[in-house]
Each structure stands twice: as C-alpha cells, then as structure tokens.
$ cat query28.cif   # mmCIF, C-alpha atoms
data_work
#
loop_
_atom_site.label_atom_id
_atom_site.label_comp_id
_atom_site.auth_asym_id
_atom_site.auth_seq_id
_atom_site.Cartn_x
_atom_site.Cartn_y
_atom_site.Cartn_z
CA MET Y 254 54.02 41.16 -143.98
CA LYS Y 255 54.82 44.85 -143.78
CA ILE Y 256 56.92 44.81 -146.93
CA LEU Y 257 53.95 43.34 -148.84
CA VAL Y 258 51.76 46.25 -147.74
CA GLU Y 259 54.46 48.73 -148.76
CA LEU Y 260 54.96 47.22 -152.20
CA SER Y 261 51.19 46.99 -152.83
CA LEU Y 262 50.85 50.65 -151.91
CA LEU Y 263 53.70 51.66 -154.24
CA PHE Y 264 52.48 49.65 -157.21
CA VAL Y 265 48.85 50.74 -156.82
CA LEU Y 266 50.06 54.35 -156.62
CA THR Y 267 52.19 54.02 -159.76
CA LEU Y 268 49.32 52.36 -161.60
CA SER Y 269 46.96 55.16 -160.51
CA GLY Y 270 49.49 57.68 -161.82
CA GLU Y 271 49.48 55.92 -165.21
CA ALA Y 272 45.68 55.80 -165.22
CA ILE Y 273 45.37 59.52 -164.47
CA SER Y 274 48.04 60.29 -167.08
CA SER Y 275 46.07 58.40 -169.75
CA VAL Y 276 42.93 60.51 -169.28
CA LEU Y 277 44.69 63.90 -169.10
CA PRO Y 278 44.12 66.15 -172.15
CA PHE Y 279 47.90 66.84 -172.36
CA SER Y 280 50.80 64.41 -172.01
CA PHE Y 281 52.31 64.27 -168.55
CA PRO Y 282 54.22 61.28 -167.20
CA GLY Y 283 52.31 58.94 -164.90
CA THR Y 284 55.34 58.34 -162.68
CA LEU Y 285 55.53 62.03 -161.76
CA ILE Y 286 51.76 62.10 -161.14
CA ALA Y 287 52.29 59.12 -158.81
CA MET Y 288 55.04 61.07 -157.07
CA PHE Y 289 52.78 64.09 -156.47
CA LEU Y 290 49.96 61.74 -155.43
CA LEU Y 291 52.19 60.13 -152.80
CA LEU Y 292 53.37 63.56 -151.66
CA PHE Y 293 49.73 64.62 -151.25
CA LEU Y 294 48.80 61.41 -149.38
CA MET Y 295 51.74 61.85 -147.00
CA GLY Y 296 50.99 65.55 -146.56
CA SER Y 297 47.41 64.79 -145.58
CA ARG Y 298 48.66 62.09 -143.17
CA ILE Y 299 46.72 59.33 -144.98
CA VAL Y 300 50.04 57.60 -145.68
CA LYS Y 301 52.53 57.85 -142.85
CA GLU Y 302 56.32 57.63 -142.97
CA GLU Y 303 56.38 54.21 -141.30
CA HIS Y 304 54.11 52.86 -144.05
CA LEU Y 305 57.02 53.02 -146.48
CA ALA Y 306 60.07 52.72 -144.23
CA ILE Y 307 61.49 49.39 -145.50
CA SER Y 308 61.01 49.91 -149.24
CA SER Y 309 62.24 53.49 -149.20
CA ALA Y 310 65.45 52.43 -147.49
CA PHE Y 311 66.00 49.78 -150.17
CA PHE Y 312 64.94 51.83 -153.20
CA SER Y 313 66.94 54.94 -152.31
CA ARG Y 314 70.05 52.90 -151.51
CA TYR Y 315 70.03 50.91 -154.76
CA MET Y 316 68.13 53.31 -157.02
CA ALA Y 317 70.80 53.30 -159.75
CA LEU Y 318 70.28 49.55 -160.33
CA PHE Y 319 66.94 50.24 -161.98
CA PHE Y 320 68.54 52.48 -164.64
CA VAL Y 321 70.92 49.79 -165.88
CA PRO Y 322 68.67 48.23 -168.60
CA ALA Y 323 67.72 51.66 -170.04
CA GLY Y 324 71.41 52.48 -170.34
CA VAL Y 325 72.23 49.22 -172.07
CA GLU Y 326 69.76 50.29 -174.79
CA ILE Y 327 72.62 52.47 -176.09
CA ILE Y 328 73.71 49.34 -177.92
CA GLU Y 329 70.71 49.82 -180.26
CA ASN Y 330 72.16 53.16 -181.41
CA LEU Y 331 75.67 52.04 -182.22
CA GLU Y 332 75.26 53.12 -185.87
CA ILE Y 333 74.39 56.74 -185.04
CA LEU Y 334 76.98 56.74 -182.27
CA LYS Y 335 79.70 55.48 -184.64
CA SER Y 336 79.17 58.38 -187.04
CA SER Y 337 78.47 61.20 -184.59
CA TRP Y 338 79.56 60.08 -181.13
CA LEU Y 339 81.94 62.99 -180.63
CA PRO Y 340 79.41 65.84 -181.00
CA LEU Y 341 76.80 63.87 -179.04
CA VAL Y 342 79.13 63.20 -176.12
CA ALA Y 343 80.64 66.69 -176.25
CA ILE Y 344 77.25 68.44 -176.33
CA SER Y 345 75.91 66.24 -173.51
CA ILE Y 346 78.88 66.92 -171.23
CA ILE Y 347 79.34 70.63 -172.02
CA SER Y 348 75.64 71.40 -171.56
CA LEU Y 349 75.67 69.37 -168.33
CA PHE Y 350 78.38 71.67 -166.94
CA ILE Y 351 76.57 74.82 -168.16
CA THR Y 352 73.20 73.71 -166.73
CA PHE Y 353 74.78 72.70 -163.42
CA PHE Y 354 76.65 76.01 -163.15
CA VAL Y 355 73.70 78.25 -164.06
CA SER Y 356 71.19 76.55 -161.75
CA ALA Y 357 73.64 76.40 -158.81
CA LYS Y 358 74.54 80.08 -159.17
CA ALA Y 359 70.88 81.10 -159.58
CA VAL Y 360 70.08 79.38 -156.28
CA GLU Y 361 73.08 80.95 -154.53
CA LEU Y 362 72.02 84.38 -155.80
CA VAL Y 363 68.45 84.03 -154.50
CA GLU Y 364 69.70 82.58 -151.21
CA ALA Y 365 72.11 85.50 -150.77
CA ILE Y 366 69.37 88.07 -151.48
CA SER Y 367 66.89 86.45 -149.09
CA HIS Y 368 69.60 86.25 -146.39
CA LYS Y 369 70.29 89.94 -146.80
CA LYS Y 370 66.59 90.75 -146.55
CA ALA Y 371 66.25 88.61 -143.42
CA GLU Y 372 69.21 90.41 -141.86
CA GLU Y 373 67.84 93.85 -142.72
CA GLU Y 374 64.50 92.98 -141.19
CA ALA Y 375 66.16 91.69 -138.03
CA MET J 115 71.17 25.89 -175.45
CA LYS J 116 72.56 29.43 -175.55
CA GLU J 117 69.28 30.84 -176.90
CA LEU J 118 67.37 28.96 -174.26
CA ILE J 119 69.38 30.55 -171.46
CA THR J 120 69.76 34.06 -172.86
CA SER J 121 66.18 34.55 -173.99
CA SER J 122 64.81 33.72 -170.56
CA PRO J 123 63.89 36.87 -168.61
CA LEU J 124 65.94 35.41 -165.78
CA PHE J 125 69.11 35.98 -167.82
CA GLY J 126 68.61 39.74 -168.12
CA ILE J 127 67.63 40.07 -164.47
CA ALA J 128 70.53 37.93 -163.27
CA ILE J 129 73.29 39.74 -165.17
CA THR J 130 71.83 43.16 -164.32
CA ILE J 131 71.87 42.50 -160.59
CA LEU J 132 75.19 40.65 -160.71
CA THR J 133 77.05 43.34 -162.69
CA TYR J 134 75.56 46.08 -160.51
CA TYR J 135 76.74 44.19 -157.43
CA LEU J 136 80.22 43.91 -158.97
CA GLY J 137 80.05 47.64 -159.74
CA ILE J 138 79.35 48.46 -156.10
CA LYS J 139 82.19 46.17 -154.96
CA ILE J 140 84.68 47.74 -157.40
CA ASN J 141 83.50 51.21 -156.39
CA GLN J 142 83.99 50.43 -152.69
CA LYS J 143 87.47 48.98 -153.31
CA THR J 144 88.72 51.84 -155.48
CA LYS J 145 86.68 54.70 -153.98
CA LYS J 146 86.99 56.48 -157.35
CA ALA J 147 84.02 58.37 -158.84
CA ILE J 148 84.83 57.13 -162.36
CA PHE J 149 84.25 53.54 -161.19
CA ASN J 150 80.57 54.29 -160.90
CA PRO J 151 78.44 51.16 -160.21
CA LEU J 152 75.86 52.13 -162.83
CA LEU J 153 78.51 52.75 -165.49
CA ILE J 154 80.39 49.53 -164.65
CA ALA J 155 77.19 47.46 -164.84
CA GLU J 156 76.22 48.98 -168.21
CA LEU J 157 79.67 48.53 -169.77
CA LEU J 158 79.96 44.95 -168.50
CA ILE J 159 76.53 44.01 -169.90
CA ILE J 160 77.24 45.68 -173.25
CA ALA J 161 80.56 43.79 -173.39
CA ILE J 162 78.84 40.49 -172.58
CA LEU J 163 76.16 41.07 -175.24
CA ILE J 164 78.74 41.92 -177.90
CA VAL J 165 81.24 39.18 -177.05
CA PHE J 166 78.64 36.40 -176.87
CA LYS J 167 76.59 37.87 -179.75
CA ILE J 168 73.43 38.07 -177.65
CA PRO J 169 70.76 40.38 -179.15
CA PHE J 170 69.59 43.31 -177.02
CA SER J 171 66.02 42.02 -177.31
CA ALA J 172 67.02 38.79 -175.51
CA TYR J 173 68.65 40.76 -172.68
CA ASN J 174 65.69 43.09 -172.54
CA ASN J 175 63.26 40.25 -171.78
CA GLY J 176 64.59 40.54 -168.26
CA GLY J 177 65.81 44.12 -168.52
CA ALA J 178 62.29 45.37 -169.19
CA ILE J 179 61.15 43.85 -165.89
CA ILE J 180 63.80 45.77 -163.94
CA ASN J 181 63.02 48.85 -166.02
CA LEU J 182 59.39 48.55 -164.91
CA PHE J 183 60.45 49.35 -161.35
CA LEU J 184 61.47 52.87 -162.43
CA GLY J 185 57.83 53.88 -161.88
CA PRO J 186 57.64 52.98 -158.18
CA VAL J 187 61.23 54.16 -157.67
CA THR J 188 60.40 57.61 -159.08
CA ALA J 189 57.15 57.82 -157.09
CA MET J 190 59.18 56.94 -154.02
CA LEU J 191 61.10 60.24 -154.37
CA ALA J 192 58.03 61.81 -152.74
CA TYR J 193 59.09 60.08 -149.52
CA SER J 194 62.36 62.04 -149.30
CA ILE J 195 60.64 65.27 -150.32
CA TYR J 196 58.05 64.73 -147.58
CA ARG J 197 60.65 63.98 -144.92
CA MET J 198 62.50 67.17 -145.88
CA ARG J 199 59.30 69.22 -146.40
CA LYS J 200 60.37 72.02 -144.04
CA LEU J 201 63.60 72.52 -145.95
CA VAL J 202 61.84 72.36 -149.33
CA LYS J 203 59.17 74.88 -148.28
CA GLU J 204 61.73 77.25 -146.82
CA HIS J 205 63.77 77.33 -150.02
CA MET J 206 60.94 77.11 -152.57
CA LEU J 207 61.86 80.43 -154.20
CA SER J 208 65.50 79.38 -154.70
CA ILE J 209 64.41 76.01 -156.07
CA ILE J 210 62.10 77.64 -158.63
CA ALA J 211 64.77 80.19 -159.63
CA GLY J 212 67.41 77.49 -160.02
CA THR J 213 65.23 75.13 -162.06
CA VAL J 214 63.93 77.86 -164.40
CA ALA J 215 67.43 79.30 -165.00
CA GLY J 216 68.96 75.82 -165.35
CA SER J 217 66.31 74.52 -167.78
CA LEU J 218 66.70 77.61 -169.98
CA ALA J 219 70.48 77.27 -169.91
CA SER J 220 70.19 73.60 -170.85
CA ILE J 221 67.91 74.18 -173.85
CA VAL J 222 69.80 77.24 -175.15
CA SER J 223 73.21 75.60 -174.76
CA ILE J 224 72.11 72.43 -176.57
CA ILE J 225 70.64 74.36 -179.49
CA LEU J 226 73.72 76.57 -179.83
CA LEU J 227 76.16 73.67 -179.47
CA SER J 228 74.19 71.61 -182.03
CA ARG J 229 74.54 74.46 -184.53
CA LEU J 230 78.22 74.76 -183.70
CA PHE J 231 78.78 71.05 -184.37
CA GLY J 232 76.53 71.17 -187.44
CA LEU J 233 74.07 68.51 -186.22
CA ASP J 234 70.88 68.04 -188.23
CA GLU J 235 67.41 68.94 -186.88
CA SER J 236 66.38 65.47 -185.73
CA LEU J 237 69.62 64.95 -183.79
CA SER J 238 69.39 68.29 -182.00
CA ALA J 239 65.68 67.72 -181.28
CA SER J 240 66.67 64.42 -179.68
CA LEU J 241 69.18 66.21 -177.47
CA VAL J 242 67.06 69.16 -176.27
CA PRO J 243 65.20 67.31 -173.48
CA LYS J 244 68.21 65.24 -172.34
CA SER J 245 68.53 66.86 -168.92
CA VAL J 246 65.04 65.92 -167.75
CA THR J 247 63.53 62.71 -166.47
CA ALA J 248 62.98 59.96 -169.07
CA PRO J 249 59.17 59.94 -169.48
CA ILE J 250 59.01 63.73 -169.98
CA ALA J 251 62.11 63.70 -172.20
CA ILE J 252 60.62 61.07 -174.52
CA ALA J 253 57.37 63.03 -174.85
CA ILE J 254 59.26 66.25 -175.68
CA SER J 255 61.61 64.52 -178.11
CA THR J 256 58.72 62.94 -179.99
CA SER J 257 56.81 66.22 -180.28
CA LEU J 258 59.94 68.01 -181.58
CA GLY J 259 60.61 65.29 -184.15
CA GLY J 260 63.56 63.69 -182.38
CA ILE J 261 64.66 60.05 -182.25
CA ARG J 262 63.35 58.37 -179.10
CA SER J 263 66.17 55.92 -178.47
CA LEU J 264 68.79 58.58 -179.12
CA THR J 265 67.14 60.82 -176.53
CA VAL J 266 67.30 57.95 -174.05
CA THR J 267 70.97 57.45 -174.88
CA ALA J 268 71.86 61.14 -174.44
CA LEU J 269 69.75 61.26 -171.29
CA LEU J 270 71.54 58.31 -169.72
CA LEU J 271 74.90 59.70 -170.79
CA THR J 272 74.05 63.00 -169.11
CA GLY J 273 72.65 61.26 -166.04
CA VAL J 274 75.62 58.96 -165.59
CA ALA J 275 78.04 61.84 -166.21
CA GLY J 276 76.12 63.93 -163.67
CA ASN J 277 76.18 61.03 -161.22
CA ILE J 278 79.96 60.68 -161.57
CA LEU J 279 80.88 64.37 -161.95
CA ALA J 280 78.55 65.97 -159.37
CA PRO J 281 81.18 66.08 -156.57
CA PHE J 282 83.76 67.41 -159.07
CA MET J 283 81.44 70.14 -160.41
CA ILE J 284 80.59 71.18 -156.85
CA ARG J 285 84.31 71.71 -156.17
CA LEU J 286 85.01 73.27 -159.57
CA PHE J 287 82.23 75.87 -159.29
CA ARG J 288 82.69 76.26 -155.51
CA VAL J 289 79.04 75.49 -154.72
CA ARG J 290 79.05 75.48 -150.92
CA ASN J 291 75.31 75.91 -150.38
CA ARG J 292 73.67 72.46 -150.05
CA ILE J 293 70.38 73.73 -151.52
CA ALA J 294 72.27 74.93 -154.61
CA GLN J 295 74.02 71.55 -154.86
CA GLY J 296 70.70 69.68 -154.77
CA VAL J 297 68.95 71.96 -157.28
CA ALA J 298 71.89 71.82 -159.70
CA ILE J 299 72.13 68.02 -159.58
CA GLY J 300 68.38 67.52 -160.12
CA THR J 301 68.11 70.14 -162.87
CA ALA J 302 71.21 69.10 -164.80
CA SER J 303 71.08 65.31 -164.46
CA HIS J 304 67.53 64.18 -163.53
CA VAL J 305 66.86 60.97 -161.59
CA VAL J 306 70.20 59.31 -162.29
CA GLY J 307 72.05 62.29 -160.83
CA THR J 308 69.54 62.38 -157.99
CA SER J 309 70.50 58.85 -156.97
CA LYS J 310 73.97 60.30 -156.32
CA ALA J 311 72.43 63.26 -154.46
CA LEU J 312 70.65 60.81 -152.16
CA GLU J 313 73.99 59.17 -151.41
CA MET J 314 75.40 62.61 -150.50
CA GLY J 315 72.65 63.27 -147.97
CA GLU J 316 68.88 63.06 -147.64
CA ASP J 317 68.54 66.87 -147.70
CA ILE J 318 70.41 67.18 -151.01
CA GLY J 319 68.48 64.18 -152.36
CA ALA J 320 65.11 65.70 -151.45
CA ILE J 321 65.98 69.07 -153.03
CA SER J 322 67.31 67.29 -156.10
CA SER J 323 64.07 65.25 -156.36
CA ILE J 324 61.84 68.30 -156.29
CA ALA J 325 64.19 70.10 -158.72
CA LEU J 326 64.07 67.27 -161.24
CA SER J 327 60.28 67.28 -161.31
CA PHE J 328 60.12 71.09 -161.64
CA SER J 329 62.75 71.18 -164.38
CA GLY J 330 60.90 68.44 -166.25
CA ILE J 331 57.69 70.46 -166.18
CA ILE J 332 59.45 73.73 -167.07
CA THR J 333 61.38 72.16 -169.96
CA ALA J 334 58.16 70.67 -171.32
CA ILE J 335 56.40 74.05 -171.16
CA ILE J 336 59.31 75.92 -172.78
CA SER J 337 59.65 73.42 -175.62
CA MET J 338 55.90 73.43 -176.29
CA LEU J 339 55.64 77.23 -176.30
CA VAL J 340 58.91 78.36 -177.85
CA LEU J 341 60.38 75.58 -179.96
#

$ encode --input "query28.cif" --output "structure tokens"
Amino acid sequence: MKILVELSLLFVLTLSGEAISSVLPFSFPGTLIAMFLLLFLMGSRIVKEEHLAISSAFFSRYMALFFVPAGVEIIENLEILKSSWLPLVAISIISLFITFFVSAKAVELVEAISHKKAEEEA
Amino acid sequence: MKELITSSPLFGIAITILTYYLGIKINQKTKKAIFNPLLIAELLIIAILIVFKIPFSAYNNGGAIINLFLGPVTAMLAYSIYRMRKLVKEHMLSIIAGTVAGSLASIVSIILLSRLFGLDESLSASLVPKSVTAPIAIAISTSLGGIRSLTVTALLLTGVAGNILAPFMIRLFRVRNRIAQGVAIGTASHVVGTSKALEMGEDIGAISSIALSFSGIITAIISMLVL
C-alpha cells in the first residue's frame, strides 16, 4: 500500500511541476519545478522522509536505468556523427575536464577562505 | 512476426531493463569504471537495433515510457537534498561559487573549442548547453538555433563520460574536499553524473543534485543574456 501512496505523490508532484511550467512567462523545466516543490513540501514538514522511503531507495539506486532510452537516441544522429564525430567527442570530453576542474577548484578556494576566516574568528 | 514483437512497447521496456541488468552484472564482475552499466546497456541496444534492422521508433515505443520516469526521478533528487540540508546550507556559498565558475568555464571552453575545430554555428549552439540537465539544455539549444537531438547526444556523451570518469578526475585534479567533488560532478555532468555521485555517497549526491539545478539555471541565464 505504502508504495502506491509514494508513487502517487511523486507523479502528482511531477505533473504539478509541468502544469506550473506551462503557465510561467519564461521557459523553465517542469521537472526542476517539481524538485523545488518537493524540497519546499519536505522543508515545511508537509511531506516527511518516511513518505518517500521505499521509492527513493529504488530510484537513487537504479537512477541510470532511466537514461538508457535517451542515450539510444544517438542512433538518430549517425549521419552527423559520421562526418564530425571527432570534434564532437573531443569538445565534449575536453570541456567536461575543464568544467570539472574549474568548479572543483572554485569550491576548494571558497572553502579554504571560509576555513581561514573561521579560524581567525576563533 | 518481427514487427509485431519489436513494435510492442513491451519490447523496448524489456530490452532496456535486461541490458541494464546485464550492465550491472558485468560491472560487478569486472569492477572497472569503463564497464559502466548505462554505457553497456546503450551500446547493446544500439547493436541489437542495427543488427536486427529495428527502427529506433519501434524501440522508442517502450523507451519513451521509461524516459517518462525521468520526471519523477529528477524530482526525487529533492529527497537527498533535504536529507543533507544541513550540509547544503553550510556550504551554500561554495556551491554557488563552484556552479557559477563551472558554468562559465563550460560555455567559454565549448565556444573556443568549436572555433578551434571549425564547427559551424548550429553545431556549436547545440553543444553550448551540454553540461546541464536535459530539459534546460533543450530549451537553451532551441533558443540559440541548435539541433535538439544533437544536444541530447552531446549531453548524454558528457553525462556518461562524467559518470565513468568522475573518480579518475577526482584523483587527477586531487580534489579531496567532498563538497568540491559533488559540485564538480553536478556542474560538469548533470543528472547522469549525479547518479554516480549518489553511488559515491549520499552527501556527494545531495551536493551534486543542488549543483546541477543551480548550474542549469545559471547556464540558462548566461546564454539568454550574453549569447
């Protein structure tokens, strides 16, 4: 029974996110609205952790499964990939490394500064 | 007979779950990052479709149903963020700094690299949003004049690469701070990378989840204002 309640909650939330997204004056994805909605509901204790315990364990364990069909869609782009796969792959991978490096180091920098401040205050 | 089986939504659902299960088994046996369950499942399905000459549209009758679950799965990220709310609040400044710097680095590096490789406008516009979560990326790509399906391809490529390479990049760049690890994974490789972050620990997963939503918003704002 509990799993039915959990799934209803999740699907109603996602649908609400889509509904809100469709009336916004700018484009913003419904799934992220649903995420912030759930965060708000949990923060205000309307939805409690145990309300989503079973489905969250399943979804976070096997999350990657749900990306499989979107990835298979690559097959629709074989023509473009055939002619320019090298730059596309190279740019994707190189910029992945650059983005990862810059954001990690930015966080480490801020963390180091705030540590120093905390120590000076102490 | 073949059409009857392959055009049923059950076909797409069955081979998606089956190949993903095989992917997990192979991954557990080999314990190698390159044998990533997501990558194995995708390659196996693509191979099946090509070998048996099954059109993507037939597979996608079932694939679209699994794809539909991405909504609830993404919304569910709020659960991890909530459980780790103390950690997220404490490090909010670092998370914002990391996502802003990372999003800028992503956009600038893609534009420069596209020029370097001599890609045309529509190809580079398709690549610009490839580090952010799919729904935002598609919206950005369309408004910049990119090709939707190519954006999805580059996005998945980046996500899967991030999923596989995250532990390697953490060692390569000596990122010891777990907050930095989470922010970098979420900013550089969106939800697909975040699924790896969740495997590495709920704290990293929660930070990565909040980072992916911030970087999506920031990338959208930058591309609307500047590009």

$ closest_atom_pairs --input "query28.cif" --of "chain J" --to "chain Y" --cutoff "6 Å" --atoms "only C-alpha atoms" --output "JSON lines"
{"residue": "J:Glu156", "atom": "CA", "partner": "Y:Val325", "partner_atom": "CA", "distance": 5.6}
{"residue": "J:Gly177", "atom": "CA", "partner": "Y:Pro322", "partner_atom": "CA", "distance": 5.0}
{"residue": "J:Ile180", "atom": "CA", "partner": "Y:Phe319", "partner_atom": "CA", "distance": 5.8}
{"residue": "J:Asn181", "atom": "CA", "partner": "Y:Phe319", "partner_atom": "CA", "distance": 5.8}
{"residue": "J:Gly185", "atom": "CA", "partner": "Y:Thr284", "partner_atom": "CA", "distance": 5.2}
{"residue": "J:Pro186", "atom": "CA", "partner": "Y:Leu263", "partner_atom": "CA", "distance": 5.7}
{"residue": "J:Ala189", "atom": "CA", "partner": "Y:Met288", "partner_atom": "CA", "distance": 3.9}
{"residue": "J:Ala192", "atom": "CA", "partner": "Y:Leu292", "partner_atom": "CA", "distance": 5.1}
{"residue": "J:Ser208", "atom": "CA", "partner": "Y:Val360", "partner_atom": "CA", "distance": 4.8}
{"residue": "J:Gly212", "atom": "CA", "partner": "Y:Ser356", "partner_atom": "CA", "distance": 4.3}
{"residue": "J:Ala215", "atom": "CA", "partner": "Y:Ser356", "partner_atom": "CA", "distance": 5.7}
{"residue": "J:Gly216", "atom": "CA", "partner": "Y:Ser356", "partner_atom": "CA", "distance": 4.3}
{"residue": "J:Ala219", "atom": "CA", "partner": "Y:Thr352", "partner_atom": "CA", "distance": 5.5}
{"residue": "J:Ser220", "atom": "CA", "partner": "Y:Thr352", "partner_atom": "CA", "distance": 5.1}
{"residue": "J:Ser223", "atom": "CA", "partner": "Y:Ser348", "partner_atom": "CA", "distance": 5.8}
{"residue": "J:Pro249", "atom": "CA", "partner": "Y:Pro282", "partner_atom": "CA", "distance": 5.6}
{"residue": "J:Thr267", "atom": "CA", "partner": "Y:Ile327", "partner_atom": "CA", "distance": 5.4}
{"residue": "J:Leu270", "atom": "CA", "partner": "Y:Gly324", "partner_atom": "CA", "distance": 5.9}
{"residue": "J:Thr272", "atom": "CA", "partner": "Y:Ser345", "partner_atom": "CA", "distance": 5.8}
{"residue": "J:Ala294", "atom": "CA", "partner": "Y:Ala357", "partner_atom": "CA", "distance": 4.7}
{"residue": "J:Ala298", "atom": "CA", "partner": "Y:Phe353", "partner_atom": "CA", "distance": 4.8}
{"residue": "J:Ala302", "atom": "CA", "partner": "Y:Phe353", "partner_atom": "CA", "distance": 5.3}

$ resolve_selection --input "query28.cif" --expression "the PyMOL selection byres ((chain J and resi 239) around 8)" --output "JSON, numbers by chain"
{"J": [235, 236, 237, 238, 240, 241, 242, 243, 255, 258, 259, 260, 261]}

$ closest_residue --input "query28.cif" --among "J:Ser309, J:Thr256, J:Gln295, J:Ser327" --to "Asn277 in chain J" --atoms "all atoms listed in the file"
J:Ser309

$ resolve_selection --input "query28.cif" --expression "the PyMOL selection byres ((chain J and resi 308) around 9)" --output "PyMOL selection string"
chain J and resi 273+276-277+296+299-300+303-307+309-313+318-320+322-323+326

$ atom_distance --input "query28.cif" --atom1 "CA of Ala161 in chain J" --atom2 "CA of Asn174 in chain J"
14.9 Å

$ closest_residue --input "query28.cif" --among "Y:Leu257, Y:Ala310, Y:Leu277, Y:Val300" --to "Glu316 in chain J" --atoms "all atoms listed in the file"
Y:Ala310

$ atom_distance --input "query28.cif" --atom1 "CA of Pro151 in chain J" --atom2 "CA of Tyr135 in chain J"
7.7 Å

$ atom_distance --input "query28.cif" --atom1 "CA of Ile278 in chain J" --atom2 "CA of Tyr134 in chain J"
15.3 Å

$ resolve_selection --input "query28.cif" --expression "the PyMOL selection byres ((chain J and resi 206) around 12)" --output "VMD selection string"
(chain Y and resid 360 363 to 364 367) or (chain J and resid 199 to 205 207 to 213 293 to 294 297 321 324 to 325 328)

$ closest_residue --input "query28.cif" --among "J:Phe282, J:Ile331, J:Leu339, J:Thr301" --to "Lys146 in chain J" --atoms "all atoms listed in the file"
J:Phe282

$ closest_residue --input "query28.cif" --among "J:Ala248, J:Ala280, J:Leu124, J:Ile254" --to "Ile335 in chain J" --atoms "all atoms listed in the file"
J:Ile254

$ decode --input "query28.cif" --residues "range 127-134 of chain J" --atoms "all heavy atoms" --output "compact mmCIF listing (two decimals), in the first residue's frame"
# COMPACT_ATOMS: atom_id res chain seq x y z
N ILE J 127 10.82 -1.79 -23.42
CA ILE J 127 10.96 -1.86 -21.96
C ILE J 127 11.80 -3.08 -21.58
O ILE J 127 12.72 -2.99 -20.77
CB ILE J 127 9.58 -1.91 -21.29
CG1 ILE J 127 8.81 -0.60 -21.57
CG2 ILE J 127 9.72 -2.13 -19.79
CD1 ILE J 127 7.39 -0.60 -21.03
N ALA J 128 11.47 -4.22 -22.21
CA ALA J 128 12.17 -5.46 -21.85
C ALA J 128 13.66 -5.36 -22.13
O ALA J 128 14.48 -5.65 -21.25
CB ALA J 128 11.55 -6.64 -22.61
N ILE J 129 14.05 -4.92 -23.36
CA ILE J 129 15.50 -4.92 -23.62
C ILE J 129 16.22 -3.82 -22.83
O ILE J 129 17.39 -3.98 -22.51
CB ILE J 129 15.86 -4.85 -25.14
CG1 ILE J 129 15.40 -3.57 -25.78
CG2 ILE J 129 15.38 -6.05 -25.90
CD1 ILE J 129 16.06 -3.37 -27.15
N THR J 130 15.52 -2.74 -22.50
CA THR J 130 16.17 -1.70 -21.69
C THR J 130 16.52 -2.24 -20.31
O THR J 130 17.66 -2.12 -19.84
CB THR J 130 15.25 -0.46 -21.55
OG1 THR J 130 14.91 -0.01 -22.84
CG2 THR J 130 15.97 0.65 -20.80
N ILE J 131 15.54 -2.88 -19.67
CA ILE J 131 15.79 -3.39 -18.32
C ILE J 131 16.79 -4.54 -18.35
O ILE J 131 17.72 -4.61 -17.54
CB ILE J 131 14.46 -3.83 -17.65
CG1 ILE J 131 13.54 -2.61 -17.51
CG2 ILE J 131 14.73 -4.46 -16.28
CD1 ILE J 131 12.18 -2.93 -16.94
N LEU J 132 16.64 -5.42 -19.34
CA LEU J 132 17.52 -6.58 -19.44
C LEU J 132 18.97 -6.18 -19.67
O LEU J 132 19.89 -6.66 -18.99
CB LEU J 132 17.03 -7.47 -20.59
CG LEU J 132 17.63 -8.87 -20.63
CD1 LEU J 132 17.14 -9.69 -19.44
CD2 LEU J 132 17.25 -9.59 -21.92
N THR J 133 19.20 -5.24 -20.64
CA THR J 133 20.59 -4.85 -20.93
C THR J 133 21.18 -4.06 -19.75
O THR J 133 22.37 -4.19 -19.46
CB THR J 133 20.68 -3.97 -22.20
OG1 THR J 133 19.75 -2.89 -22.09
CG2 THR J 133 20.38 -4.78 -23.44
N TYR J 134 20.35 -3.30 -19.06
CA TYR J 134 20.85 -2.56 -17.90
C TYR J 134 21.24 -3.53 -16.79
O TYR J 134 22.26 -3.36 -16.12
CB TYR J 134 19.79 -1.58 -17.40
CG TYR J 134 20.26 -0.72 -16.24
CD1 TYR J 134 21.23 0.26 -16.43
CD2 TYR J 134 19.75 -0.90 -14.96
CE1 TYR J 134 21.68 1.04 -15.38
CE2 TYR J 134 20.19 -0.12 -13.90
CZ TYR J 134 21.15 0.85 -14.12
OH TYR J 134 21.60 1.61 -13.07
